[in-house]
file structure.tsv (TSV, C-alpha atoms)
chain	number	residue	atom	x	y	z
B	1472	MET	CA	0.00	0.00	0.00
B	1473	LEU	CA	1.30	3.45	-0.94
B	1474	SER	CA	1.63	5.82	2.01
B	1475	ALA	CA	-0.80	8.74	2.12
B	1476	GLU	CA	2.02	11.28	1.81
B	1477	SER	CA	3.53	9.56	-1.19
B	1478	ALA	CA	0.12	9.05	-2.78
B	1479	ALA	CA	-0.55	12.80	-2.68
B	1480	THR	CA	2.83	13.53	-4.27
B	1481	VAL	CA	2.45	10.86	-6.94
B	1482	ARG	CA	-1.05	12.08	-7.80
B	1483	ALA	CA	0.22	15.64	-8.19
B	1484	THR	CA	3.24	14.69	-10.29
B	1485	LEU	CA	1.85	11.79	-12.35
B	1486	PRO	CA	0.82	14.02	-15.27
B	1487	VAL	CA	4.34	15.48	-15.58
B	1488	VAL	CA	6.13	12.20	-14.99
B	1489	GLY	CA	3.75	10.35	-17.29
B	1490	ALA	CA	4.24	12.87	-20.09
B	1491	SER	CA	8.02	12.47	-19.79
B	1492	LEU	CA	8.19	8.71	-19.32
B	1493	ASP	CA	9.12	7.95	-22.91
B	1494	THR	CA	12.05	10.39	-22.70
B	1495	ILE	CA	12.98	9.07	-19.26
B	1496	THR	CA	13.01	5.41	-20.32
B	1497	ALA	CA	14.95	6.22	-23.49
B	1498	ARG	CA	17.63	7.92	-21.42
B	1499	PHE	CA	17.52	5.08	-18.87
B	1500	TYR	CA	18.24	2.38	-21.46
B	1501	GLU	CA	20.86	4.49	-23.24
B	1502	THR	CA	22.84	5.10	-20.05
B	1503	MET	CA	22.42	1.62	-18.60
B	1504	PHE	CA	23.60	-0.14	-21.75
B	1505	ALA	CA	26.51	2.27	-22.17
B	1506	GLU	CA	27.76	1.43	-18.68
B	1507	ARG	CA	26.51	-2.18	-18.45
B	1508	PRO	CA	26.77	-3.56	-22.01
B	1509	GLU	CA	26.74	-7.14	-20.69
B	1510	LEU	CA	22.99	-6.74	-20.08
B	1511	LEU	CA	22.46	-6.85	-23.84
B	1512	ASP	CA	24.05	-10.30	-23.94
B	1513	GLY	CA	21.19	-12.73	-23.44
B	1514	LEU	CA	18.84	-10.52	-21.41
B	1515	PHE	CA	17.48	-7.60	-23.42
B	1516	ASN	CA	16.31	-8.06	-27.00
B	1517	ARG	CA	18.13	-5.69	-29.37
B	1518	GLY	CA	15.24	-5.61	-31.83
B	1519	ASN	CA	12.84	-4.35	-29.16
B	1520	GLN	CA	15.40	-1.74	-28.18
B	1521	ARG	CA	15.80	-0.48	-31.74
B	1522	SER	CA	12.07	-0.36	-32.38
B	1523	GLY	CA	11.34	1.40	-29.09
B	1524	GLU	CA	8.83	-1.27	-28.03
B	1525	GLN	CA	10.67	-2.14	-24.82
B	1526	ARG	CA	10.95	1.51	-23.85
B	1527	ARG	CA	7.25	2.13	-24.41
B	1528	ALA	CA	6.30	-1.04	-22.54
B	1529	LEU	CA	8.37	-0.03	-19.50
B	1530	ALA	CA	6.89	3.47	-19.50
B	1531	GLY	CA	3.38	2.11	-19.83
B	1532	SER	CA	3.80	-0.41	-17.02
B	1533	ILE	CA	5.16	2.19	-14.59
B	1534	ALA	CA	2.35	4.63	-15.37
B	1535	ALA	CA	-0.28	1.87	-15.16
B	1536	PHE	CA	1.03	0.63	-11.82
B	1537	ALA	CA	1.15	4.13	-10.32
B	1538	GLY	CA	-2.35	4.87	-11.59
B	1539	ALA	CA	-3.66	1.61	-10.16
B	1540	LEU	CA	-2.18	2.41	-6.74
B	1541	LEU	CA	-3.96	5.75	-6.76
B	1542	ASP	CA	-7.29	4.41	-8.02
B	1543	ASN	CA	-7.42	1.41	-5.67
B	1544	PRO	CA	-5.03	1.98	-2.75
B	1545	ASP	CA	-5.98	-1.26	-1.00
B	1546	GLU	CA	-5.66	-3.51	-4.07
B	1547	ARG	CA	-2.64	-4.72	-6.00
B	1548	PRO	CA	-2.91	-4.73	-9.83
B	1549	ASP	CA	-2.16	-8.44	-10.09
B	1550	ALA	CA	-3.22	-8.77	-13.74
B	1551	LEU	CA	-0.53	-6.29	-14.76
B	1552	LEU	CA	2.09	-7.70	-12.39
B	1553	THR	CA	1.53	-11.36	-13.25
B	1554	ARG	CA	1.97	-10.71	-16.95
B	1555	ILE	CA	5.24	-8.86	-16.33
B	1556	ALA	CA	6.49	-11.47	-13.84
B	1557	HIS	CA	6.07	-14.30	-16.35
B	1558	LYS	CA	7.89	-12.32	-19.04
B	1559	HIS	CA	10.71	-11.59	-16.59
B	1560	ALA	CA	10.97	-15.26	-15.59
B	1561	ALA	CA	11.16	-16.25	-19.26
B	1562	VAL	CA	14.37	-14.23	-19.67
B	1563	GLY	CA	15.87	-15.11	-16.28
B	1564	ILE	CA	15.54	-11.81	-14.40
B	1565	THR	CA	17.10	-11.99	-10.92
B	1566	ASP	CA	16.57	-9.94	-7.76
B	1567	ASP	CA	19.84	-8.01	-8.03
B	1568	GLN	CA	18.87	-6.64	-11.42
B	1569	TYR	CA	16.07	-4.60	-9.85
B	1570	VAL	CA	18.78	-2.69	-7.98
B	1571	ILE	CA	20.59	-1.99	-11.25
B	1572	VAL	CA	17.39	-0.82	-12.93
B	1573	HIS	CA	16.58	1.42	-9.97
B	1574	LYS	CA	19.95	3.12	-10.16
B	1575	TYR	CA	19.73	4.03	-13.83
B	1576	LEU	CA	16.00	4.72	-13.93
B	1577	PHE	CA	16.09	7.25	-11.11
B	1578	ALA	CA	19.19	8.87	-12.53
B	1579	ALA	CA	17.28	9.30	-15.79
B	1580	ILE	CA	14.27	10.77	-13.96
B	1581	ALA	CA	16.50	13.32	-12.23
B	1582	GLU	CA	18.27	14.19	-15.47
B	1583	VAL	CA	15.09	14.63	-17.53
B	1584	LEU	CA	12.94	16.43	-14.94
B	1585	GLY	CA	15.72	18.39	-13.27
B	1586	GLU	CA	14.73	20.62	-10.36
B	1587	ALA	CA	11.16	19.29	-10.44
B	1588	VAL	CA	12.50	16.17	-8.71
B	1589	THR	CA	12.52	17.44	-5.14
B	1590	PRO	CA	13.48	15.07	-2.30
B	1591	GLU	CA	9.76	14.54	-1.63
B	1592	VAL	CA	9.05	13.68	-5.28
B	1593	ALA	CA	12.02	11.33	-5.45
B	1594	ALA	CA	10.97	9.58	-2.23
B	1595	ALA	CA	7.38	9.13	-3.42
B	1596	TRP	CA	8.34	7.60	-6.77
B	1597	ASP	CA	11.00	5.52	-5.05
B	1598	GLU	CA	8.20	4.04	-2.95
B	1599	VAL	CA	6.19	3.28	-6.10
B	1600	TYR	CA	9.18	1.58	-7.70
B	1601	TRP	CA	9.96	-0.67	-4.74
B	1602	LEU	CA	6.31	-1.58	-4.21
B	1603	MET	CA	6.24	-2.74	-7.83
B	1604	ALA	CA	9.67	-4.39	-7.68
B	1605	GLY	CA	8.93	-6.14	-4.40
B	1606	ALA	CA	5.68	-7.57	-5.73
B	1607	LEU	CA	7.39	-8.75	-8.91
B	1608	ILE	CA	10.31	-10.33	-7.04
B	1609	ALA	CA	7.88	-12.31	-4.87
B	1610	MET	CA	5.82	-13.40	-7.89
B	1611	GLU	CA	8.90	-14.38	-9.86
B	1612	ALA	CA	10.22	-16.46	-6.95
B	1613	ARG	CA	6.97	-18.44	-6.96
B	1614	ILE	CA	7.04	-18.83	-10.74
B	1615	TYR	CA	10.65	-20.06	-10.68
B	1616	ALA	CA	9.76	-22.54	-7.91
B	1617	GLN	CA	6.87	-23.89	-9.94
B	1618	ALA	CA	9.28	-24.40	-12.85
B	1619	GLY	CA	11.75	-26.19	-10.61
B	1620	ALA	CA	14.31	-23.43	-10.98
B	1621	SER	CA	15.94	-20.76	-8.84
B	1622	GLU	CA	17.54	-17.37	-9.50
B	1623	GLY	CA	16.69	-17.44	-13.16
B	1624	ARG	CA	18.38	-20.78	-13.89
B	1625	THR	CA	15.72	-22.26	-16.17
B	1626	TRP	CA	17.83	-23.00	-19.25
B	1627	ARG	CA	18.52	-26.44	-20.71
B	1628	PRO	CA	19.49	-27.87	-24.12
B	1629	TRP	CA	16.93	-29.37	-26.50
B	1630	ARG	CA	17.66	-31.28	-29.70
B	1631	VAL	CA	15.81	-30.57	-32.94
B	1632	VAL	CA	14.29	-33.85	-34.15
B	1633	GLU	CA	12.17	-32.44	-36.97
B	1634	ARG	CA	11.86	-29.26	-39.00
B	1635	ARG	CA	8.59	-28.68	-40.83
B	1636	GLU	CA	7.98	-25.85	-43.28
B	1637	GLU	CA	4.50	-24.56	-42.54
B	1638	THR	CA	4.38	-21.62	-44.99
B	1639	ALA	CA	6.92	-19.56	-46.93
B	1640	ASP	CA	7.80	-17.66	-43.75
B	1641	VAL	CA	6.81	-20.02	-40.94
B	1642	MET	CA	8.46	-23.24	-39.78
B	1643	SER	CA	7.91	-25.59	-36.87
B	1644	LEU	CA	10.67	-27.24	-34.87
B	1645	VAL	CA	9.96	-30.42	-32.91
B	1646	LEU	CA	12.33	-30.65	-29.95
B	1647	ALA	CA	13.42	-33.37	-27.55
B	1648	PRO	CA	15.04	-32.69	-24.16
B	1649	VAL	CA	18.73	-33.44	-23.82
B	1650	GLY	CA	19.72	-35.30	-20.65
B	1651	ASP	CA	17.75	-37.11	-17.99
B	1652	GLU	CA	16.60	-34.19	-15.85
B	1653	PRO	CA	12.83	-33.88	-15.44
B	1654	VAL	CA	11.13	-31.59	-17.94
B	1655	PRO	CA	9.02	-28.84	-16.33
B	1656	PRO	CA	5.34	-29.27	-17.24
B	1657	ALA	CA	3.81	-26.94	-19.80
B	1658	LEU	CA	0.27	-25.60	-19.86
B	1659	PRO	CA	-1.56	-24.99	-23.15
B	1660	GLY	CA	-0.87	-21.38	-24.10
B	1661	GLN	CA	2.56	-21.02	-22.46
B	1662	TYR	CA	5.75	-19.95	-24.21
B	1663	VAL	CA	9.48	-20.60	-23.90
B	1664	SER	CA	12.48	-18.38	-24.53
B	1665	VAL	CA	14.99	-19.53	-27.13
B	1666	ARG	CA	18.53	-18.24	-26.57
B	1667	VAL	CA	20.99	-18.22	-29.48
B	1668	ARG	CA	24.45	-16.81	-30.16
B	1669	MET	CA	24.39	-14.26	-32.96
B	1670	PRO	CA	27.19	-13.95	-35.55
B	1671	ASP	CA	28.71	-11.06	-33.57
B	1672	GLY	CA	28.99	-13.30	-30.48
B	1673	VAL	CA	26.17	-11.67	-28.50
B	1674	HIS	CA	23.43	-13.93	-27.16
B	1675	GLN	CA	19.89	-12.94	-28.01
B	1676	LEU	CA	16.62	-14.50	-27.01
B	1677	ARG	CA	13.03	-14.52	-28.15
B	1678	GLN	CA	9.83	-16.04	-26.82
B	1679	TYR	CA	7.92	-18.63	-28.85
B	1680	THR	CA	4.68	-20.30	-27.86
B	1681	LEU	CA	4.67	-24.05	-27.48
B	1682	SER	CA	2.39	-24.79	-30.42
B	1683	GLY	CA	2.10	-28.49	-29.65
B	1684	HIS	CA	3.60	-31.49	-27.91
B	1685	GLY	CA	4.24	-35.12	-28.58
B	1686	ALA	CA	5.06	-38.37	-26.84
B	1687	ASP	CA	8.23	-38.80	-24.77
B	1688	GLY	CA	8.36	-35.15	-23.77
B	1689	LEU	CA	8.63	-33.77	-27.32
B	1690	ARG	CA	7.62	-30.14	-27.75
B	1691	ARG	CA	7.00	-27.97	-30.78
B	1692	ILE	CA	7.63	-24.29	-31.41
B	1693	THR	CA	6.46	-22.50	-34.54
B	1694	VAL	CA	8.63	-19.61	-35.71
B	1695	LYS	CA	7.65	-16.86	-38.12
B	1696	ARG	CA	10.51	-15.17	-39.97
B	1697	VAL	CA	10.24	-11.46	-39.13
B	1698	ARG	CA	11.19	-9.49	-42.21
B	1699	GLY	CA	12.36	-5.90	-42.02
B	1700	GLU	CA	9.30	-4.23	-43.56
B	1701	GLY	CA	9.54	-0.76	-42.07
B	1702	ALA	CA	10.95	-2.18	-38.83
B	1703	PRO	CA	14.09	-4.03	-37.69
B	1704	GLU	CA	14.36	-7.61	-38.92
B	1705	GLY	CA	13.90	-10.31	-36.35
B	1706	GLU	CA	17.46	-11.37	-35.48
B	1707	VAL	CA	16.52	-14.62	-33.78
B	1708	SER	CA	13.78	-15.71	-36.16
B	1709	ASN	CA	15.94	-15.12	-39.25
B	1710	LEU	CA	18.88	-16.99	-37.70
B	1711	LEU	CA	16.67	-19.96	-36.80
B	1712	HIS	CA	15.17	-20.09	-40.28
B	1713	ALA	CA	18.57	-19.85	-41.96
B	1714	THR	CA	20.59	-22.25	-39.85
B	1715	VAL	CA	18.66	-24.71	-37.69
B	1716	GLU	CA	18.32	-28.30	-38.92
B	1717	PRO	CA	17.43	-31.66	-37.33
B	1718	GLY	CA	20.20	-32.77	-34.98
B	1719	ASP	CA	21.08	-29.24	-33.87
B	1720	GLU	CA	20.72	-28.20	-30.24
B	1721	LEU	CA	18.91	-25.11	-28.98
B	1722	THR	CA	18.85	-23.58	-25.50
B	1723	LEU	CA	15.33	-23.17	-24.15
B	1724	SER	CA	13.89	-21.82	-20.93
B	1725	ALA	CA	11.20	-23.54	-18.92
B	1726	PRO	CA	7.63	-22.72	-20.03
B	1727	PHE	CA	6.06	-19.50	-18.75
B	1728	GLY	CA	2.99	-17.38	-19.40
B	1729	ASP	CA	-0.21	-16.65	-17.50
B	1730	VAL	CA	-2.66	-16.86	-20.41
B	1731	THR	CA	-3.40	-20.57	-20.29
B	1732	LEU	CA	-6.47	-22.63	-21.00
B	1733	ALA	CA	-8.58	-22.93	-17.86
B	1734	GLY	CA	-10.73	-25.92	-17.03
B	1735	GLY	CA	-14.49	-25.98	-16.70
B	1736	ASP	CA	-17.38	-26.60	-19.03
B	1737	ALA	CA	-18.05	-23.08	-20.35
B	1738	PRO	CA	-18.13	-22.72	-24.14
B	1739	LEU	CA	-14.82	-21.59	-25.64
B	1740	VAL	CA	-14.10	-19.03	-28.33
B	1741	LEU	CA	-10.52	-19.39	-29.62
B	1742	ALA	CA	-9.70	-16.44	-31.88
B	1743	SER	CA	-6.39	-15.81	-33.64
B	1744	ALA	CA	-4.80	-14.04	-36.57
B	1745	GLY	CA	-1.54	-14.78	-38.37
B	1746	ILE	CA	1.10	-16.42	-36.21
B	1747	GLY	CA	-1.21	-15.93	-33.23
B	1748	CYS	CA	-2.50	-19.39	-34.14
B	1749	THR	CA	0.30	-21.01	-32.11
B	1750	PRO	CA	-1.22	-20.95	-28.59
B	1751	ILE	CA	-4.62	-21.70	-30.07
B	1752	ALA	CA	-3.23	-24.85	-31.72
B	1753	ALA	CA	-1.82	-25.97	-28.36
B	1754	MET	CA	-5.17	-25.39	-26.68
B	1755	LEU	CA	-6.97	-27.35	-29.39
B	1756	GLN	CA	-4.54	-30.25	-29.00
B	1757	HIS	CA	-5.11	-30.31	-25.25
B	1758	LEU	CA	-8.89	-30.30	-25.69
B	1759	ALA	CA	-8.73	-33.08	-28.28
B	1760	GLU	CA	-6.40	-35.28	-26.25
B	1761	THR	CA	-8.44	-34.92	-23.07
B	1762	GLY	CA	-11.67	-35.81	-24.87
B	1763	SER	CA	-13.31	-32.49	-24.07
B	1764	ASP	CA	-17.00	-32.16	-24.93
B	1765	ARG	CA	-17.05	-28.39	-24.45
B	1766	ARG	CA	-18.48	-26.32	-27.26
B	1767	VAL	CA	-15.48	-24.83	-29.07
B	1768	LEU	CA	-15.72	-22.08	-31.68
B	1769	LEU	CA	-12.42	-21.61	-33.54
B	1770	LEU	CA	-12.01	-18.26	-35.34
B	1771	HIS	CA	-8.93	-17.44	-37.40
B	1772	ALA	CA	-8.06	-14.58	-39.76
B	1773	ASP	CA	-5.14	-14.51	-42.20
B	1774	ARG	CA	-3.98	-12.95	-45.44
B	1775	SER	CA	-4.59	-16.10	-47.46
B	1776	GLU	CA	-4.95	-19.84	-47.03
B	1777	PRO	CA	-1.33	-20.52	-48.10
B	1778	GLU	CA	-0.15	-18.10	-45.40
B	1779	HIS	CA	-2.23	-19.75	-42.67
B	1780	ALA	CA	0.32	-21.64	-40.57
B	1781	LEU	CA	-0.85	-24.80	-38.76
B	1782	ARG	CA	-4.11	-24.75	-40.76
B	1783	GLU	CA	-4.24	-28.51	-41.24
B	1784	ASP	CA	-3.58	-29.10	-37.54
B	1785	MET	CA	-6.30	-26.65	-36.53
B	1786	GLU	CA	-8.82	-28.23	-38.91
B	1787	ALA	CA	-8.03	-31.78	-37.83
B	1788	LEU	CA	-8.12	-31.00	-34.11
B	1789	THR	CA	-11.41	-29.11	-34.40
B	1790	ALA	CA	-12.91	-32.02	-36.32
B	1791	VAL	CA	-12.04	-34.38	-33.44
B	1792	LEU	CA	-13.99	-32.27	-30.94
B	1793	PRO	CA	-17.62	-33.43	-30.77
B	1794	ARG	CA	-18.85	-29.84	-30.43
B	1795	GLY	CA	-16.13	-28.08	-32.40
B	1796	GLU	CA	-16.75	-25.51	-35.13
B	1797	LYS	CA	-14.36	-23.38	-37.18
B	1798	ILE	CA	-14.63	-20.21	-39.23
B	1799	PHE	CA	-11.67	-18.85	-41.22
B	1800	TRP	CA	-11.37	-15.41	-42.83
B	1801	TYR	CA	-8.86	-14.71	-45.63
B	1802	GLU	CA	-8.15	-11.24	-46.94
B	1803	ASP	CA	-7.59	-12.46	-50.50
B	1804	GLY	CA	-11.15	-13.83	-50.57
B	1805	ARG	CA	-10.23	-17.07	-52.35
B	1806	ARG	CA	-11.23	-19.44	-49.53
B	1807	GLY	CA	-13.22	-19.18	-46.32
B	1808	ARG	CA	-14.92	-15.88	-45.58
B	1809	ALA	CA	-13.52	-12.82	-47.32
B	1810	GLY	CA	-11.86	-9.99	-45.46
B	1811	ARG	CA	-11.04	-9.55	-41.81
B	1812	ILE	CA	-12.76	-11.05	-38.78
B	1813	ASP	CA	-16.44	-10.11	-38.68
B	1814	LEU	CA	-18.69	-11.67	-36.07
B	1815	ALA	CA	-21.91	-10.33	-37.56
B	1816	GLY	CA	-24.16	-13.35	-37.90
B	1817	VAL	CA	-21.77	-15.62	-35.96
B	1818	ASP	CA	-23.47	-17.48	-33.11
B	1819	ILE	CA	-21.36	-16.75	-30.04
B	1820	PRO	CA	-22.51	-19.13	-27.30
B	1821	ALA	CA	-23.86	-17.53	-24.12
B	1822	GLY	CA	-21.41	-17.66	-21.23
B	1823	SER	CA	-18.38	-18.12	-23.48
B	1824	VAL	CA	-14.79	-17.75	-22.33
B	1825	ALA	CA	-12.56	-16.35	-25.08
B	1826	TYR	CA	-8.83	-16.55	-25.77
B	1827	LEU	CA	-7.26	-14.18	-28.30
B	1828	CYS	CA	-3.83	-14.08	-29.90
B	1829	GLY	CA	-2.57	-12.06	-32.84
B	1830	PRO	CA	-1.59	-8.52	-33.81
B	1831	LEU	CA	-2.85	-5.83	-31.43
B	1832	PRO	CA	-5.32	-4.28	-33.95
B	1833	PHE	CA	-6.88	-7.71	-34.49
B	1834	MET	CA	-7.24	-8.37	-30.76
B	1835	ARG	CA	-8.73	-4.97	-30.07
B	1836	GLU	CA	-11.27	-5.47	-32.83
B	1837	ALA	CA	-12.04	-9.08	-31.84
B	1838	ARG	CA	-12.40	-8.09	-28.19
B	1839	ALA	CA	-14.80	-5.26	-29.05
B	1840	GLN	CA	-16.90	-7.54	-31.25
B	1841	LEU	CA	-17.01	-10.28	-28.63
B	1842	ILE	CA	-18.13	-7.81	-25.97
B	1843	GLY	CA	-20.76	-6.59	-28.41
B	1844	ALA	CA	-21.89	-10.21	-28.81
B	1845	GLY	CA	-22.38	-10.56	-25.07
B	1846	VAL	CA	-19.07	-12.03	-23.85
B	1847	ALA	CA	-18.13	-10.55	-20.47
B	1848	PRO	CA	-14.87	-8.52	-20.61
B	1849	ARG	CA	-13.53	-10.48	-17.62
B	1850	ASP	CA	-13.89	-13.67	-19.67
B	1851	ILE	CA	-11.74	-12.44	-22.57
B	1852	HIS	CA	-8.08	-13.40	-22.22
B	1853	TYR	CA	-5.28	-12.48	-24.59
B	1854	GLU	CA	-1.59	-13.00	-25.28
B	1855	VAL	CA	0.77	-10.47	-26.84
B	1856	PHE	CA	4.05	-11.34	-28.56
B	1857	GLY	CA	6.90	-9.09	-27.43
B	1858	PRO	CA	6.58	-6.23	-24.90
B	1859	ASP	CA	2.98	-5.86	-23.80
B	1860	LEU	CA	1.80	-2.39	-24.85
B	1861	TRP	CA	-1.90	-3.12	-24.36
B	1862	ILE	CA	-2.19	-4.27	-20.77
B	1863	ALA	CA	-2.50	-0.75	-19.33
B	1864	ALA	CA	-5.52	0.05	-21.49
B	1865	ALA	CA	-7.20	-3.34	-21.78

call {"tool": "encode", "arguments": {"input": "structure.tsv", "output": "structure tokens"}}
result
Amino acid sequence: MLSAESAATVRATLPVVGASLDTITARFYETMFAERPELLDGLFNRGNQRSGEQRRALAGSIAAFAGALLDNPDERPDALLTRIAHKHAAVGITDDQYVIVHKYLFAAIAEVLGEAVTPEVAAAWDEVYWLMAGALIAMEARIYAQAGASEGRTWRPWRVVERREETADVMSLVLAPVGDEPVPPALPGQYVSVRVRMPDGVHQLRQYTLSGHGADGLRRITVKRVRGEGAPEGEVSNLLHATVEPGDELTLSAPFGDVTLAGGDAPLVLASAGIGCTPIAAMLQHLAETGSDRRVLLLHADRSEPEHALREDMEALTAVLPRGEKIFWYEDGRRGRAGRIDLAGVDIPAGSVAYLCGPLPFMREARAQLIGAGVAPRDIHYEVFGPDLWIAAA
């Protein structure tokens, strides 16, 4: 709980701090990486730094947390914190790194805001930071324990046993664990981090959803090659596409992620677009293998049928479900329904629970349409690839 004195100061200064957060976080990362370049080796993604996504996500999370403390002083914004904690665990964040971040973040605040940062202002925002950091450290400790790891040590080698070309820009890798250590369990919808050494010697990592599993502990990830169309190319995805073959080894984290398929008998709406099909495919496999008789409505939107990764899997798994139904939209209009997702005339079952994954514009539109169709906002869950820029407003 934020102290009354600090709450008054944060409330008074939030507009100024919030308006400057993008500048503050830009300066924070610039200074921290200049003095601690080792943090770019296997911890922070260079592509997200170049695009500014990581900076905007940090700024948004700080502003959202501070706003939540002011709006509901006796409640902790667990939805926001849990999402961040899982992302931190996936890259191996440790307690001591919160001290490093604090040092450079508050130096950036003082530099950008200057004399406006009085001792009272600094103390109030320091309290906000450590309330947030303390909650995250506790959550991450529990998440690491559940994964059978400690202090961020979740990495282990996996061997590629199969490579399958799904589309021109999407491939799946089927992986088997190396060694005899127990494999942490994975829930449908969770992701793993893949850590690779780049040609310049720096380690980079990226999260990929577990799109399926097999016997003997086999797991599948499905990787879309990120091309540099007005944005930085995906370093990790392009390296994996260009170099990885059966027999190679990859370093993977344990599975993480809080958007997972919950039990129960409520009808399900599984909606995806593009490569957002990956967690949906895992959920469908789980439902099929457990003999679920829940009503399942599968919705997917893509540019065209040839660009629809995992299409055959999604069709086959839906067909196995006794109450499964699918609707596909393709922008080229050659197959399925033409255009983008449009729920007009689609029978959305009463009491549905929905899971969304895909580009942010798709999820915003799908969420709005589902709410319009009677789905309760609390029953709509979503996953975002990369830094989560939507959580503060969702």

call {"tool": "closest_residue", "arguments": {"input": "structure.tsv", "among": "B:Leu1770, B:Leu1646, B:Ala1475, B:Ile1580", "to": "B:Asp1493", "atoms": "all atoms listed in the file"}}
result
B:Ile1580

call {"tool": "residues_around", "arguments": {"input": "structure.tsv", "residues": "B:Ser1775", "least_positions_apart": "6", "cutoff": "10 Å", "atoms": "all atoms listed in the file", "output": "list in words"}}
result
Gly1745, Phe1799, Trp1800, Tyr1801, Glu1802, Asp1803, Gly1804, Arg1805, Arg1806, Gly1807, Ala1809 and Gly1810 of chain B

call {"tool": "residues_around", "arguments": {"input": "structure.tsv", "residues": "stretch 1787-1792 of chain B", "least_positions_apart": "3", "cutoff": "9 Å", "atoms": "only C-alpha atoms", "output": "list of chain:residue names"}}
result
B:Ala1752, B:Leu1755, B:Gln1756, B:Leu1758, B:Ala1759, B:Gly1762, B:Ser1763, B:Asp1764, B:Arg1765, B:Arg1766, B:Val1767, B:Leu1768, B:Leu1769, B:Arg1782, B:Glu1783, B:Asp1784, B:Gly1795, B:Glu1796, B:Lys1797

call {"tool": "write_last_selection", "arguments": {"input": "structure.tsv", "atoms": "C-alpha atoms", "output": "mmCIF file, keeping the file's coordinate frame"}}
result
data_model
loop_
_atom_site.group_PDB
_atom_site.id
_atom_site.type_symbol
_atom_site.label_atom_id
_atom_site.label_comp_id
_atom_site.auth_asym_id
_atom_site.auth_seq_id
_atom_site.Cartn_x
_atom_site.Cartn_y
_atom_site.Cartn_z
ATOM 1 C CA ALA B 1752 -3.230 -24.850 -31.720
ATOM 2 C CA LEU B 1755 -6.970 -27.350 -29.390
ATOM 3 C CA GLN B 1756 -4.540 -30.250 -29.000
ATOM 4 C CA LEU B 1758 -8.890 -30.300 -25.690
ATOM 5 C CA ALA B 1759 -8.730 -33.080 -28.280
ATOM 6 C CA GLY B 1762 -11.670 -35.810 -24.870
ATOM 7 C CA SER B 1763 -13.310 -32.490 -24.070
ATOM 8 C CA ASP B 1764 -17.000 -32.160 -24.930
ATOM 9 C CA ARG B 1765 -17.050 -28.390 -24.450
ATOM 10 C CA ARG B 1766 -18.480 -26.320 -27.260
ATOM 11 C CA VAL B 1767 -15.480 -24.830 -29.070
ATOM 12 C CA LEU B 1768 -15.720 -22.080 -31.680
ATOM 13 C CA LEU B 1769 -12.420 -21.610 -33.540
ATOM 14 C CA ARG B 1782 -4.110 -24.750 -40.760
ATOM 15 C CA GLU B 1783 -4.240 -28.510 -41.240
ATOM 16 C CA ASP B 1784 -3.580 -29.100 -37.540
ATOM 17 C CA GLY B 1795 -16.130 -28.080 -32.400
ATOM 18 C CA GLU B 1796 -16.750 -25.510 -35.130
ATOM 19 C CA LYS B 1797 -14.360 -23.380 -37.180
#

call {"tool": "closest_residue", "arguments": {"input": "structure.tsv", "among": "B:Ile1495, B:Ala1594, B:Ala1550, B:Ala1560", "to": "B:Arg1527", "atoms": "only C-alpha atoms"}}
result
B:Ile1495

call {"tool": "closest_residue", "arguments": {"input": "structure.tsv", "among": "B:Asp1542, B:Glu1652, B:Glu1591, B:Glu1720", "to": "B:Pro1628", "atoms": "all atoms listed in the file"}}
result
B:Glu1720

call {"tool": "atom_distance", "arguments": {"input": "structure.tsv", "atom1": "atom CA of B:Pro1548", "atom2": "atom CA of B:Ala1609"}}
result
14.1 Å

call {"tool": "atom_distance", "arguments": {"input": "structure.tsv", "atom1": "atom CA of B:Phe1536", "atom2": "atom CA of B:Ala1825"}}
result
25.5 Å

call {"tool": "closest_residue", "arguments": {"input": "structure.tsv", "among": "B:His1557, B:Arg1811, B:His1757, B:His1712", "to": "B:Val1663", "atoms": "only C-alpha atoms"}}
result
B:His1557

call {"tool": "residues_around", "arguments": {"input": "structure.tsv", "residues": "B:Leu1644", "least_positions_apart": "6", "cutoff": "8 Å", "atoms": "only C-alpha atoms", "output": "PDB file with C-alpha atoms, in the coordinates of the input"}}
result
ATOM      1  CA  VAL B1631      15.810 -30.570 -32.940  1.00  0.00           C
ATOM      2  CA  VAL B1632      14.290 -33.850 -34.150  1.00  0.00           C
ATOM      3  CA  GLU B1633      12.170 -32.440 -36.970  1.00  0.00           C
ATOM      4  CA  ARG B1634      11.860 -29.260 -39.000  1.00  0.00           C
ATOM      5  CA  ARG B1635       8.590 -28.680 -40.830  1.00  0.00           C
ATOM      6  CA  ARG B1691       7.000 -27.970 -30.780  1.00  0.00           C
ATOM      7  CA  ILE B1692       7.630 -24.290 -31.410  1.00  0.00           C
ATOM      8  CA  THR B1693       6.460 -22.500 -34.540  1.00  0.00           C
ATOM      9  CA  VAL B1694       8.630 -19.610 -35.710  1.00  0.00           C
TER      10      VAL B1694
END

call {"tool": "axis_aligned_box", "arguments": {"input": "structure.tsv", "around": "stretch 1664-1680 of chain B", "padding_each_side": "4 Å", "output": "AutoDock Vina command-line options"}}
result
--center_x 16.8 --center_y -15.7 --center_z -30.0 --size_x 32.3 --size_y 17.2 --size_z 19.0

call {"tool": "atom_distance", "arguments": {"input": "structure.tsv", "atom1": "atom CA of B:Ala1606", "atom2": "atom CA of B:Leu1551"}}
result
11.0 Å

call {"tool": "closest_residue", "arguments": {"input": "structure.tsv", "among": "B:Ala1505, B:Pro1590, B:Ala1713, B:Asp1640", "to": "B:Ala1780", "atoms": "all atoms listed in the file"}}
result
B:Asp1640

call {"tool": "closest_residue", "arguments": {"input": "structure.tsv", "among": "B:Val1649, B:Ala1744, B:Val1667, B:Val1641", "to": "B:Val1697", "atoms": "only C-alpha atoms"}}
result
B:Val1641
